[in-house]
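This report concerns only the one structure given below.
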Amino acid sequence: MMKSKSVLKTENLSVGYPGKTVLESVNLDFYSGEFVSLLGPNGVGKSTLLRTLSSLLSIRKGRVLVMGKSLDTIPAPELAKVMSVVLTHKAVPPLFQAYDFVAMGRYPHTRWTGRLDTEDDRVVMDALSMVRAQDLILRDMSTLSDGERQKILIARALAQEPEIILLDEPTMHLDLKHRMEIMSILKDMCRKKGICVVASLHDIEVASRVSDRVALIQNNTIARFGPPEDVLLEDTVSDLYDFGDAGFSRLLGNIEFRGNMEKGAVFVIGGMGSASVLYRLLSKKGYRVKTGVLFKNDVDYHVAKSLNINPLIENTLQPVSDHSIKSALSALQECDAVVDAGFEAADLNRGNLTLIDSAKQLGKPVFRLNGTPSNGIIRPEISMDMTASTESALVGLIERKMAEVS
Amino acid sequence: MTTPITSSALAPSTDYTIHRQLMWRRRTISYIFFGLVLLLILAANIMKGSVDIRFSELWTILASHDIESVNGFIIWKIRLPRAISAALGGGYLAIAGLLLQVYFRNPIVGPFILGISSGATLTVSFVMLTSLTLGMTALNPFMATLAAFVGAYGVMLVVISIAGRVKNAVTLLIVGLMMGYLCHAVTSILVAFAEKEKIKGFVLWQLGSFSGFRWSEIEILTLGGGLICVLVYALSKPLNAFLLGEDYAASMGVNIKVFRLLILLSSCALAGMITAMAGPVAFVGLAVPHMVRLAFGTSDNIILVPGCLLVGAVVTSLCDFIARMIFSPVELPISAITAFFGAPIVISLLMKRKVVL
């Protein structure tokens with residue numbers, strides 16, 4: 001790991017266009033070998049900030065320091081040797097092979113003819129192998145897929161041999177495989193080459209996992225700047241994106257979509273992760289979900305929380321108490337159906353099994369997901385036609401039965 | 001550059017070295033091929049006509065600077081200037097078209113898209129159609145040249161002064177188109193009021209011709225145009241950067257404002273020069289850059305600039321040959337032939353989607 005030095009710094013920077021300031025009081029600093037994500041909803045000014053940092057837009061107010069020097073005093077050809085960009089618009093000239101395209105990145109280093117010497121060729125090949133695109137060198141740019149093209153665009157930026165690479169939405173329009181690949185390539189560039197990568201990203205889940213630091217852009221300024229673990233909290237993220245029907249879980253680092261809860265209520269008896277998928281599916285289908293009794297910090301507990309389901313909880317490593325069962329029962333009474341998520345039953349959560357019996361006595365339809373084989377503990381009987389072995393089959397079953405009832 | 005294949009581990013880079021050698025060979029062959037074709041067509045243009053001149057006779061006339069004999073007069077005063085000006089004109093128009101296609105990143109842009117030819121047409125129509133020729137019964141060809149010069153470069157100045165203020169290339173393109181419409185509007189008013197006999201001459205001027213070039217004009221063409229071509233060749237590298245768009249070019253260190261000015265100035269100066277002397281010659285500037293891209297298999301402007309000069313010369317010389325010979329002794333306007341060739345080529349290229357810019 002290289003010793004980190006500040007490569008890019010903004011001091012009280014305002015960015016925008018004549019007559020319209022988009023962001024102000026931007027104070028950021030970026031270090032070599034660091035991955036920084038700019039997060040915020042569309043139109044918040046991420047691109048404007050990146051364009052200002054790369055000198056494509058003029059500074060409205062304040063200063064940008066690149067390697068300690070003020071950005072507006074650095075001649076463009078010099079700047080090109082320390083900073084390169086990957087932009088969103090498609091730059092695909094005709095009859096351009098991938099190799100030649102990457103070689104364009106040598107622009108600041110070649111003489112007036114643009115002829116490549118052996119050193120240039122080495123750097124180009126190096127950049128191509130860094131983005132794992134050696135097999136694309138002879139392909140015409142117009143024949144590349146979006147993901148392949150993005151890799152070549154990044155290789156071009158790398159071939160400039162910069163200290164800083166600024167990327168505007170590098171994973172836009174890409175499928176999951178390529179999104180992951182691009183992120184891992186960018187991560188590699190930071191680690192192996194000590195390049196400072198600054199990327200505007202949409203994908204908060206990915207950003208929280210790969211970034212060394214994130215900057216949240218909100219209300220015309222940088223709302224927060226720091227390690228994602230400190231910055232990406234449940235409420236800050238929901239606030240940032242103004243999530244109406246989704247929730248962010250800091251612990252799981254992901255976003256869950258909440259349903260519209262227009263259908264009936266379903267009580268899920270789960271735990272130990274047995275019910276997480278069911279929660280998601282039932283919410284998606286529009287059911288109001290209640291659940292219990294879960295141990296605090298069970299996976300199911302966190303998924304339920306981010307889906308806005310308030311689970312009935314028991315303190316960790318204590319047997320499920322009669323009191324909890326009682327409150328679970330009162331919640332269960334208000335539900336139209338009950339599901340045994342096939343949780344692993346043991347001494348501590350034996351009480352949950354009695355909930356199934358109570359539900360049957362109350363005349364509620366009880367369904368079961370055939371999950372974990374029981375380990376000697378006998379589960380209450382449920383007729384075969386009320387069970388299913390996958391979550392989707394089970395939810396299908398619930399939908400059918402509920403339709404019959406009403 | 002002769003790297004033998006030593007190990008398969010090196011496959012990609014070795015592949016590329018081989019590929020580069022193949023491309024280099026292809027380009028060399030293309031240059032030689034078009035060079036030879038150009039020589040052939042030039043010879044044909046000089047020897048064929050209403051009077052055929054044999055090669056041996058041509059040789060003695062050229063060697064002895066004989067302008068006294070009939071054939072000597074034909075060669076030195078008529079055919080040689082015409083052949084040279086057609087070749088130079090075609091080459092320059094192709095380069096002018098290439099520059100604007102790269103700048104606007106648009107495949108259907110030609111050298112006249114910014115209104116150069118319309119400006120020239122407007123001023124020429126003043127001279128040819130109105131009574132501004134007071135006192136001159138017959139039209140003085142020099143007046144038309146001078147007027148076209150003023151018109152072409154006048155429009156160029158307007159467009160370039162606007163170019164400094166617009167941010168976006170597309171805006172400039174639209175400004176150019178509008179300039180063209182404005183000039184055409186005035187021209188059409190003049191045509192409406194013009195005398196019938198004058199209109200035919202004006203229409204023929206609009207279709208261009210390389211006849212009647214004087215040696216003094218050829219000197220201007222060679223010197224002025226040649227200088228601009230050298231400048232354009234020296235700009236090949238930033239021109240290549242422009243292929244990726246203005247933002248990428250700027251991020252690689254190109255001074256966009258200066259470079260934009262240089263591209264527009266060079267393109268307009270070349271196109272204006274030809275328009276003033278030969279009239280608006282259609283399609284060469286639009287179609288030839290595409291042909292060169294395909295023939296040389298590249299978008300690299302350091303190869304395309306000389307390629308356009310060469311292929312533009314070949315195509316225009318050939319078209320001029322056909323224009324002179326096909327209905328001899330009636331001579332067709334050059335634009336009729338270039339459009340005849342150019343339009344189908346452009347259509348088929350775009351249909352195959354081989355040259356999407």
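Here's how to read the names in the structure tokens: chain A, B, ... by the order shown, residue numbers from 1 in each chain, ligand numbers from 1 in the order shown.
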With only C-alpha atoms considered, list every residue of chain A at most 6 Å from chain B, as a ChimeraX atom specification.
/A:76-77,80,91,93-95,114
For Leu329 (chain A), find every residue with an atom within 7 Å (counting only C-alpha atoms), except residues of its own chain fewer than 4 positions away, and show them as number ranges by chain.
A: 325, 333, 355
What lies within 10 Å of Gly147 (chain A) using only C-alpha atoms, ignoring chain neighbours under 5 positions off, as an MDAnalysis selection string?
chainID A and resid 152:153 170:179 181:182
Kindly indicate which residue among A:Ile269, A:Ser145, A:Ala246, A:Thr390 lies nearest to Ala345 (chain A), using only C-alpha atoms for the distances.
A:Ile269
Find the residues around Gly342 (chain B) up to 7 Å (only C-alpha atoms counted), leave out those fewer than 6 positions away in its own chain, and share them as a PDB file with N, CA and C atoms, in the first residue's frame.
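Printed below is out.pdb as written:
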ATOM      1  N   PHE B 283     -21.111  17.325 -53.272  1.00  0.00           N
ATOM      2  CA  PHE B 283     -20.941  15.929 -52.891  1.00  0.00           C
ATOM      3  C   PHE B 283     -19.525  15.432 -52.670  1.00  0.00           C
ATOM      4  N   VAL B 284     -18.525  16.074 -53.300  1.00  0.00           N
ATOM      5  CA  VAL B 284     -17.161  15.565 -53.121  1.00  0.00           C
ATOM      6  C   VAL B 284     -16.774  15.612 -51.645  1.00  0.00           C
ATOM      7  N   ALA B 287     -18.911  12.881 -49.668  1.00  0.00           N
ATOM      8  CA  ALA B 287     -18.771  11.447 -49.925  1.00  0.00           C
ATOM      9  C   ALA B 287     -17.333  10.953 -49.788  1.00  0.00           C
TER      10      ALA B 287
END
May I have all residues of region 161-205 of chain A that DSSP, computed from the backbone, assigns to helix (DSSP H, G or I), given as a list of chain:residue names?
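Residues of region 161-205 of chain A classed as helix (DSSP H, G or I): A:Leu176, A:Lys177, A:His178, A:Arg179, A:Met180, A:Glu181, A:Ile182, A:Met183, A:Ser184, A:Ile185, A:Leu186, A:Lys187, A:Asp188, A:Met189, A:Cys190, A:Arg191, A:Lys192, A:Lys193, A:Ile204, A:Glu205.
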Nearest to Glu219 (chain B) among B:Ser85, B:Thr275, B:Thr130, B:Ser125, with distances taken over only C-alpha atoms: which residue is it?
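When distances to Glu219 (chain B) are compared using only C-alpha atoms, the smallest one comes from B:Ser85.
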Could you give me, as a list in words, the residues within 9 Å of region 38-49 of chain B, counting only C-alpha atoms and dropping anything in the same chain fewer than 6 positions from it?
Phe55, Leu58, Ile75, Ile78, Arg79, Leu80, Arg82, Ala83, Ile84, Ala87, Leu310, Val311, Ala313, Val314, Val315, Ser317, Leu318, Asp320, Phe321, Arg324, Met325, Ser328 and Pro329 of chain B
Find the residues near region 293-300 of chain A: any atom within 7 Å, counting only C-alpha atoms, skip ones fewer than 4 places away on the same chain, and give them as a short mmCIF file (atom, residue, chain, number, x, y, z; two decimals) with C-alpha atoms, in the first residue's frame.
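result_36.cif, written as the output of this step:
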data_model
loop_
_atom_site.label_atom_id
_atom_site.label_comp_id
_atom_site.auth_asym_id
_atom_site.auth_seq_id
_atom_site.Cartn_x
_atom_site.Cartn_y
_atom_site.Cartn_z
CA ILE A 269 -43.73 -17.37 12.64
CA GLY A 270 -40.07 -17.39 11.78
CA GLY A 271 -36.57 -16.90 13.00
CA MET A 272 -32.95 -17.70 12.19
CA GLY A 273 -33.35 -16.38 8.66
CA ALA A 275 -38.61 -16.03 7.07
CA SER A 276 -36.56 -13.28 5.36
CA ALA A 304 -38.20 -7.18 8.88
CA PRO A 311 -41.42 -7.78 14.77
CA LEU A 312 -42.27 -8.98 18.23
CA ILE A 313 -38.91 -9.56 19.82
CA GLU A 314 -37.29 -11.40 22.61
CA ASN A 315 -33.89 -10.60 24.03
CA THR A 316 -31.12 -12.67 22.59
CA SER A 324 -43.99 -12.37 24.33
CA ALA A 328 -47.76 -12.43 19.58
CA ASN A 352 -43.20 -20.26 18.85
#
